[in-house]
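Below is the file entry.txt, which contains compact mmCIF, C-alpha atoms.
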# COMPACT_ATOMS: atom_id res chain seq x y z
CA MET A 18 -46.09 27.02 15.11
CA LYS A 19 -44.45 26.87 11.70
CA GLU A 20 -43.17 30.43 12.12
CA LYS A 21 -41.63 29.56 15.48
CA GLY A 22 -39.91 26.55 13.98
CA LEU A 23 -38.57 28.62 11.12
CA LEU A 24 -37.33 31.27 13.53
CA PHE A 25 -35.60 28.62 15.62
CA ILE A 26 -33.85 27.18 12.57
CA CYS A 27 -32.78 30.67 11.45
CA LEU A 28 -31.35 31.39 14.90
CA LEU A 29 -29.54 28.09 14.88
CA ILE A 30 -27.99 28.76 11.48
CA ILE A 31 -26.97 32.30 12.44
CA SER A 32 -25.47 31.08 15.72
CA LYS A 33 -23.51 28.44 13.86
CA ALA A 34 -22.33 30.95 11.25
CA VAL A 35 -20.99 33.39 13.80
CA PHE A 36 -19.60 30.64 16.05
CA ALA A 37 -21.70 31.91 18.92
CA ASP A 38 -21.01 30.22 22.25
CA MET A 39 -18.19 28.24 20.74
CA PRO A 40 -15.04 29.56 22.39
CA GLY A 41 -12.06 28.58 20.28
CA ASN A 42 -13.86 25.64 18.84
CA VAL A 43 -11.20 25.12 16.20
CA PRO A 44 -8.58 22.36 16.48
CA ARG A 45 -5.25 23.77 17.56
CA GLN A 46 -1.73 22.52 18.07
CA ASP A 47 0.02 21.69 21.33
CA VAL A 48 2.41 24.35 22.54
CA THR A 49 5.42 24.13 24.83
CA ALA A 50 6.51 26.24 27.76
CA LYS A 51 10.21 26.14 28.50
CA PHE A 52 11.02 27.10 32.10
CA ILE A 53 14.63 28.19 32.40
CA ASN A 54 16.78 29.10 35.38
CA ILE A 55 14.36 27.87 38.05
CA SER A 56 17.25 27.68 40.52
CA SER A 57 17.31 31.49 40.58
CA LEU A 58 14.09 31.41 42.61
CA GLY A 59 16.14 30.40 45.65
CA ASN A 60 13.97 29.18 48.55
CA TYR A 61 10.81 29.49 46.53
CA THR A 62 9.26 26.40 44.94
CA LEU A 63 7.84 26.80 41.47
CA HIS A 64 4.35 25.38 40.91
CA VAL A 65 2.49 24.71 37.71
CA LEU A 66 -1.23 24.34 38.18
CA ASP A 67 -2.71 22.43 35.25
CA TYR A 68 -6.44 21.91 35.82
CA LYS A 69 -6.52 19.99 39.11
CA SER A 70 -2.90 18.85 38.98
CA ASP A 71 -0.27 20.84 40.85
CA TYR A 72 3.25 20.12 39.60
CA ILE A 73 6.40 21.26 41.36
CA LEU A 74 9.27 22.09 39.04
CA THR A 75 12.70 21.92 40.60
CA HIS A 76 14.87 22.23 37.52
CA ASP A 77 14.62 23.55 33.98
CA THR A 78 11.65 21.94 32.27
CA LEU A 79 10.00 21.78 28.90
CA TYR A 80 6.28 21.65 29.67
CA ASN A 81 3.75 20.59 27.08
CA ILE A 82 0.42 22.42 27.06
CA TYR A 83 -1.74 20.15 25.02
CA ALA A 84 -4.21 21.70 22.65
CA SER A 85 -7.87 21.85 23.44
CA ARG A 86 -10.63 21.85 20.85
CA GLY A 87 -12.90 24.00 22.94
CA VAL A 88 -12.20 26.09 26.00
CA PRO A 89 -8.52 27.12 25.88
CA HIS A 90 -6.16 25.05 27.99
CA ASN A 91 -4.37 27.31 30.46
CA ILE A 92 -1.73 26.64 33.06
CA LEU A 93 -1.08 28.80 36.11
CA VAL A 94 2.47 29.41 37.27
CA TYR A 95 3.40 30.65 40.73
CA ALA A 96 5.97 30.08 43.45
CA GLU A 97 5.63 29.53 47.18
CA HIS A 98 7.89 29.76 50.16
CA GLY A 99 7.15 27.80 53.29
CA LYS A 100 3.44 27.23 52.61
CA SER A 101 2.64 30.79 53.64
CA GLN A 102 4.34 33.10 51.18
CA PHE A 103 3.03 33.06 47.66
CA THR A 104 4.13 35.02 44.68
CA ASP A 105 1.89 36.50 42.04
CA THR A 106 0.58 34.14 39.39
CA PHE A 107 0.82 34.29 35.66
CA PHE A 108 -0.88 32.05 33.18
CA LEU A 109 0.08 30.58 29.85
CA SER A 110 -2.42 29.42 27.26
CA GLU A 111 -2.29 27.27 24.17
CA PHE A 112 -4.92 29.51 22.62
CA GLU A 113 -2.22 31.95 21.52
CA GLN A 114 -0.59 29.16 19.50
CA SER A 115 2.91 30.19 20.53
CA ASP A 116 5.72 28.36 22.24
CA TYR A 117 6.90 30.09 25.40
CA GLU A 118 10.31 30.53 26.94
CA ILE A 119 10.27 31.79 30.50
CA THR A 120 13.60 32.73 31.99
CA PHE A 121 13.42 33.34 35.73
CA THR A 122 15.74 35.81 37.38
CA GLY A 123 14.46 35.65 40.96
CA VAL A 124 11.69 36.78 43.32
CA GLN A 125 11.32 40.35 44.55
CA ASN A 126 8.65 41.44 47.02
CA ASN A 127 6.79 38.20 46.39
CA LYS A 128 6.70 38.91 42.68
CA LEU A 129 8.19 36.54 40.18
CA GLN A 130 10.92 38.12 38.11
CA TYR A 131 11.10 36.61 34.65
CA GLY A 132 11.49 37.28 30.99
CA LEU A 133 8.89 35.90 28.63
CA LYS A 134 9.60 35.14 25.03
CA SER A 135 6.93 33.71 22.78
CA THR A 136 7.50 32.21 19.37
CA ALA A 137 4.57 31.65 17.03
CA LEU A 138 4.23 28.06 15.90
CA GLN A 139 5.69 27.40 12.50
CA GLY A 140 2.73 25.38 11.35
CA GLN A 141 4.69 22.15 11.13
CA ASN A 142 1.51 20.34 12.00
CA LYS A 143 -0.94 23.01 10.97
CA THR A 144 -4.55 22.08 10.49
CA ASP A 145 -6.49 22.84 7.35
CA GLU A 146 -9.94 24.41 7.24
CA LYS A 147 -11.54 21.07 8.14
CA GLY A 148 -9.27 20.67 11.15
CA ILE A 149 -7.20 17.84 9.71
CA THR A 150 -3.48 18.03 10.39
CA LYS A 151 -0.82 17.44 7.77
CA GLU A 152 0.40 14.43 9.74
CA VAL A 153 -3.04 12.81 9.73
CA LYS A 154 -3.39 13.55 6.02
CA ASN A 155 -0.07 11.85 5.26
CA PHE A 156 -1.03 8.91 7.43
CA TRP A 157 -4.25 8.36 5.48
CA LYS A 158 -2.53 8.99 2.17
CA THR A 159 -0.06 6.16 2.87
CA ASN A 160 -2.77 3.84 4.10
CA GLU A 161 -4.97 4.60 1.13
CA ILE A 162 -2.11 3.73 -1.23
CA LEU A 163 -1.51 0.44 0.60
CA ILE A 164 -5.18 -0.51 0.55
CA GLY A 165 -5.44 0.54 -3.10
CA VAL A 166 -2.46 -1.57 -4.18
CA SER A 167 -3.81 -4.53 -2.25
CA LEU A 168 -7.28 -4.23 -3.76
CA VAL A 169 -5.93 -3.91 -7.31
CA ALA A 170 -3.83 -7.06 -6.78
CA LEU A 171 -6.86 -8.91 -5.39
CA LEU A 172 -8.89 -7.79 -8.37
CA GLY A 173 -6.13 -9.08 -10.67
CA LEU A 174 -6.23 -12.46 -8.93
CA ILE A 175 -10.01 -12.67 -9.21
CA VAL A 176 -9.95 -11.68 -12.90
CA PHE A 177 -7.32 -14.32 -13.60
CA PHE A 178 -9.30 -16.91 -11.68
CA ILE A 179 -12.51 -16.15 -13.63
CA TRP A 180 -10.66 -16.01 -16.94
CA ARG A 181 -9.13 -19.41 -16.25
CA LYS A 182 -12.51 -20.90 -15.31
CA LYS A 183 -13.91 -19.80 -18.67
CA LYS A 184 -11.09 -21.50 -20.59
CA PRO A 185 -11.64 -25.21 -20.14
CA GLY A 186 -8.51 -27.28 -20.31
CA LYS A 187 -6.20 -24.42 -19.44
CA ASN A 188 -5.36 -24.39 -15.77
CA ASN A 189 -2.65 -21.78 -16.18
CA ILE A 190 -1.26 -19.26 -18.65
CA ASP A 191 1.84 -21.27 -19.55
CA PRO A 192 0.39 -22.92 -22.67
CA ILE A 193 -0.63 -19.50 -24.01
CA LEU A 194 2.55 -17.55 -23.41
CA MET B 28 7.01 5.27 -1.91
CA GLN B 29 10.31 4.29 -0.35
CA MET B 30 8.61 1.52 1.61
CA PHE B 31 7.71 -0.28 -1.60
CA GLN B 32 11.34 -1.27 -2.00
CA TYR B 33 10.67 -3.84 0.73
CA LEU B 34 7.90 -5.28 -1.40
CA LEU B 35 10.38 -5.63 -4.24
CA PHE B 36 12.87 -7.39 -1.94
CA THR B 37 10.13 -9.71 -0.72
CA ILE B 38 9.18 -10.65 -4.28
CA LEU B 39 12.82 -11.15 -5.27
CA LEU B 40 13.34 -13.48 -2.31
CA GLU B 41 10.14 -15.47 -2.57
CA LEU B 42 9.85 -15.82 -6.31
CA PRO B 43 12.83 -18.20 -6.84
CA VAL B 44 11.54 -20.52 -4.10
CA VAL B 45 8.05 -20.70 -5.58
CA ILE B 46 9.27 -21.03 -9.17
CA LEU B 47 11.60 -23.82 -8.09
CA CYS B 48 8.73 -25.73 -6.50
CA TYR B 49 6.24 -25.17 -9.33
CA HIS B 50 8.74 -24.98 -12.21
CA LYS B 51 6.42 -26.65 -14.73
CA GLN B 52 4.13 -23.62 -14.72
CA TRP B 53 6.72 -20.94 -14.03
CA LYS B 54 4.96 -18.24 -16.08
CA THR B 55 1.80 -18.59 -14.03
CA VAL B 56 3.91 -18.65 -10.87
CA LEU B 57 5.56 -15.40 -11.94
CA LEU B 58 2.24 -13.62 -12.38
CA ILE B 59 0.40 -15.13 -9.43
CA ASN B 60 3.20 -14.81 -6.92
CA ILE B 61 3.69 -11.15 -7.80
CA LEU B 62 -0.05 -10.51 -7.51
CA LEU B 63 -0.24 -12.44 -4.23
CA ASN B 64 2.62 -10.40 -2.80
CA PHE B 65 1.04 -7.17 -4.01
CA PHE B 66 -2.11 -8.29 -2.20
CA THR B 67 -0.62 -9.46 1.11
CA TRP B 68 2.36 -7.15 1.61
CA PRO B 69 0.41 -3.84 1.77
CA LEU B 70 -2.07 -5.36 4.20
CA LEU B 71 0.75 -6.72 6.36
CA THR B 72 2.45 -3.31 6.36
CA LEU B 73 -0.81 -1.52 7.13
CA LEU B 74 -1.62 -3.80 10.06
CA TYR B 75 1.95 -3.88 11.36
CA TYR B 76 2.22 -0.11 11.61
CA ASN B 77 -1.33 0.60 12.79
CA THR B 78 -2.10 -2.20 15.20
CA HIS B 79 -0.33 -4.06 18.00
CA ILE B 80 -0.59 -7.45 16.32
CA PRO B 81 2.82 -9.19 16.52
CA LEU B 82 4.70 -9.57 13.27
CA LEU B 83 4.77 -13.35 13.63
CA VAL B 84 0.98 -13.51 13.78
CA LEU B 85 0.67 -11.26 10.73
CA GLU B 86 3.17 -13.39 8.85
CA GLY B 87 1.11 -16.44 9.81
CA GLY B 88 -1.85 -14.85 8.07
CA VAL B 89 0.25 -14.11 4.99
CA PHE B 90 1.56 -17.67 4.92
CA ILE B 91 -1.96 -19.15 5.01
CA THR B 92 -3.29 -16.68 2.41
CA GLU B 93 -0.47 -17.39 0.00
CA ALA B 94 -0.74 -21.15 0.55
CA PHE B 95 -4.43 -20.83 -0.30
CA GLY B 96 -3.48 -18.94 -3.47
CA PHE B 97 -0.90 -21.55 -4.47
CA LYS B 98 -3.42 -24.35 -4.03
CA ILE B 99 -6.07 -22.56 -6.11
CA PHE B 100 -3.82 -21.41 -8.93
CA PHE B 101 -1.11 -24.06 -9.14
CA GLY B 102 -3.06 -27.12 -8.08
CA GLY B 103 -1.19 -29.91 -6.29
CA ASN B 104 -1.93 -30.89 -2.75
CA TRP B 105 -2.40 -28.77 0.34
CA SER B 106 0.77 -29.93 2.05
CA LYS B 107 2.87 -28.81 -0.91
CA ALA B 108 1.16 -25.40 -1.04
CA LEU B 109 1.62 -24.93 2.70
CA LEU B 110 5.24 -26.06 2.62
CA VAL B 111 6.16 -23.80 -0.32
CA SER B 112 4.37 -20.82 1.21
CA PHE B 113 6.01 -21.47 4.58
CA THR B 114 9.50 -21.76 3.08
CA ALA B 115 9.16 -18.64 0.92
CA ASN B 116 7.66 -16.50 3.68
CA ALA B 117 10.02 -17.76 6.37
CA LEU B 118 12.96 -16.90 4.13
CA SER B 119 11.77 -13.36 3.39
CA LEU B 120 10.74 -12.82 7.00
CA LEU B 121 14.05 -13.95 8.49
CA ILE B 122 16.11 -11.93 6.04
CA GLY B 123 13.82 -8.93 6.55
CA VAL B 124 14.12 -9.18 10.33
CA TYR B 125 17.90 -9.57 10.06
CA ILE B 126 18.26 -6.52 7.77
CA SER B 127 15.88 -4.16 9.54
CA GLY B 128 16.51 -5.39 13.09
CA ILE B 129 12.81 -5.40 14.03
CA SER B 130 11.32 -7.75 16.59
CA LEU B 131 9.32 -10.81 15.60
CA PHE B 132 7.04 -10.59 18.64

Written as structure tokens, that's how I'd like the structure from this file.
Amino acid sequence: MKEKGLLFICLLIISKAVFADMPGNVPRQDVTAKFINISSLGNYTLHVLDYKSDYILTHDTLYNIYASRGVPHNILVYAEHGKSQFTDTFFLSEFEQSDYEITFTGVQNNKLQYGLKSTALQGQNKTDEKGITKEVKNFWKTNEILIGVSLVALLGLIVFFIWRKKKPGKNNIDPIL
Amino acid sequence: MQMFQYLLFTILLELPVVILCYHKQWKTVLLINILLNFFTWPLLTLLYYNTHIPLLVLEGGVFITEAFGFKIFFGGNWSKALLVSFTANALSLLIGVYISGISLF
């Protein structure tokens, strides 16, 4: 029984070490997809399928693909014409950690014609090894300073109060200074 | 660190009012009022930027806290402490709101 328990713990540790069954379980940043020249699709309507939501884009749009901590967040992009004609579909994912720029040029044989440019994120809000972003770090740094200053001042008031209590007849520092 | 300039402005505005009202013990007032502002201002800033509590409510808390401090450290009666604290805080609040253009509510 002890051996089984030990084996189980070992397996658990190994699984954790190799990130087994943890697809992309590292905090990531949101990415954007910029859809340009949608009007070139003519009679086709551009759709963005984001989980269960189906969005119709009628003009140039900057779409935010929010970051997931686990399974990568993907969006599917396709166009349709008259509820019966559908183009091919391509997908964009935040897992790549790149901003996308999709410039449409039209539809040919029910295939979307587009140019895709991806730009790697500059790490403006990059996470550290513990998954804490720079923004969050700064936020806590400021708050810690504020709390620290406040506590030091409170301590000063308490010290003064105690000091005054121990000096009978002196209810303030004016006679001393 | 830039935000601490507002603490300095607050002290510069409130100090003359408090010293004027408790002029007999002005040295104590100098020390205590600075310490009280160093205690209340960071908490006010922290709560203002991280919660949805209206500024007026937060200032109400500051006014009561400082009045409490005045009563403990400068003696006198409660009405005087409350009045001095109210005047000093109202002055700094109104000027602060006027300068920065933020909403009271």

Compute the chain B side of the contact with chain A at 6 Å, counting all atoms listed in the file, and hand it back as an MDAnalysis selection string.
chainID B and resid 52 54:55 62 65:66 69

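Separating atom CA of Asn116 of chain B from atom CA of Val44 of chain B is a distance of 9.6 Å.
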
Exercise: Gln130 of chain A partners within 9 Å, only C-alpha atoms, chain neighbours under 4 positions left out, as a list of chain:residue names
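The residues satisfying every condition are A:Leu58, A:Thr120, A:Phe121, A:Thr122, A:Gly123, A:Val124, A:Gln125.
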
Long-range neighbours of segment 76-85 of chain A as a list in words, 8 Å cut-off, all atoms listed in the file, 3 positions minimum in chain
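The neighbour list is Pro44, Arg45, Gln46, Asp47, Val48, Thr49, Ala50, Lys51, Phe52, Ile53, Asn54, Ile55, Ser56, Val88, Pro89, His90, Asn91, Ile92, Ser110, Glu111 and Phe112 of chain A.
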
Would you export the selected residues with C-alpha atoms as a PDB file, in the coordinates of the input, please?
ATOM      1  CA  PRO A  44      -8.580  22.360  16.480  1.00  0.00           C
ATOM      2  CA  ARG A  45      -5.250  23.770  17.560  1.00  0.00           C
ATOM      3  CA  GLN A  46      -1.730  22.520  18.070  1.00  0.00           C
ATOM      4  CA  ASP A  47       0.020  21.690  21.330  1.00  0.00           C
ATOM      5  CA  VAL A  48       2.410  24.350  22.540  1.00  0.00           C
ATOM      6  CA  THR A  49       5.420  24.130  24.830  1.00  0.00           C
ATOM      7  CA  ALA A  50       6.510  26.240  27.760  1.00  0.00           C
ATOM      8  CA  LYS A  51      10.210  26.140  28.500  1.00  0.00           C
ATOM      9  CA  PHE A  52      11.020  27.100  32.100  1.00  0.00           C
ATOM     10  CA  ILE A  53      14.630  28.190  32.400  1.00  0.00           C
ATOM     11  CA  ASN A  54      16.780  29.100  35.380  1.00  0.00           C
ATOM     12  CA  ILE A  55      14.360  27.870  38.050  1.00  0.00           C
ATOM     13  CA  SER A  56      17.250  27.680  40.520  1.00  0.00           C
ATOM     14  CA  VAL A  88     -12.200  26.090  26.000  1.00  0.00           C
ATOM     15  CA  PRO A  89      -8.520  27.120  25.880  1.00  0.00           C
ATOM     16  CA  HIS A  90      -6.160  25.050  27.990  1.00  0.00           C
ATOM     17  CA  ASN A  91      -4.370  27.310  30.460  1.00  0.00           C
ATOM     18  CA  ILE A  92      -1.730  26.640  33.060  1.00  0.00           C
ATOM     19  CA  SER A 110      -2.420  29.420  27.260  1.00  0.00           C
ATOM     20  CA  GLU A 111      -2.290  27.270  24.170  1.00  0.00           C
ATOM     21  CA  PHE A 112      -4.920  29.510  22.620  1.00  0.00           C
TER      22      PHE A 112
END

Just give me the gap between atom CA of Leu42 of chain B and atom CA of Lys183 of chain A in Å, one decimal is fine.
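If I compute the distance from atom CA of Leu42 of chain B to atom CA of Lys183 of chain A, I get 27.1 Å.
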
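Atom CA of Ala96 of chain A lies 9.7 Å from atom CA of Leu74 of chain A.
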
In terms of the shortest atom-to-atom distance over only C-alpha atoms, which of B:Leu63, B:Leu58, B:Leu120, B:Ile46 is closest to Glu86 of chain B?
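Counting only C-alpha atoms, the residue closest to Glu86 of chain B is B:Leu120.
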
I'd like to know which of B:Leu109, B:Tyr75, B:Ala117, B:Phe101 is closest to Leu57 of chain B, using only C-alpha atoms.
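Counting only C-alpha atoms, the residue closest to Leu57 of chain B is B:Phe101.
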
Considering all atoms listed in the file, return as an mmCIF file with C-alpha atoms, keeping the file's coordinate frame whatever protein or nucleic-acid residues lie within 12 Å of Asn104 of chain B, sequence-local ones (same chain, fewer than 5 positions apart) excluded.
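Result file result-v1.cif:
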data_model
loop_
_atom_site.group_PDB
_atom_site.id
_atom_site.type_symbol
_atom_site.label_atom_id
_atom_site.label_comp_id
_atom_site.auth_asym_id
_atom_site.auth_seq_id
_atom_site.Cartn_x
_atom_site.Cartn_y
_atom_site.Cartn_z
ATOM 1 C CA TYR B 49 6.240 -25.170 -9.330
ATOM 2 C CA ALA B 94 -0.740 -21.150 0.550
ATOM 3 C CA PHE B 95 -4.430 -20.830 -0.300
ATOM 4 C CA PHE B 97 -0.900 -21.550 -4.470
ATOM 5 C CA LYS B 98 -3.420 -24.350 -4.030
ATOM 6 C CA ILE B 99 -6.070 -22.560 -6.110
ATOM 7 C CA LEU B 109 1.620 -24.930 2.700
ATOM 8 C CA LEU B 110 5.240 -26.060 2.620
ATOM 9 C CA VAL B 111 6.160 -23.800 -0.320
#

In terms of the shortest atom-to-atom distance over all atoms listed in the file, which of B:Leu82, B:Ile129, B:Val89, B:Ala115 is closest to Pro43 of chain B?
B:Ala115
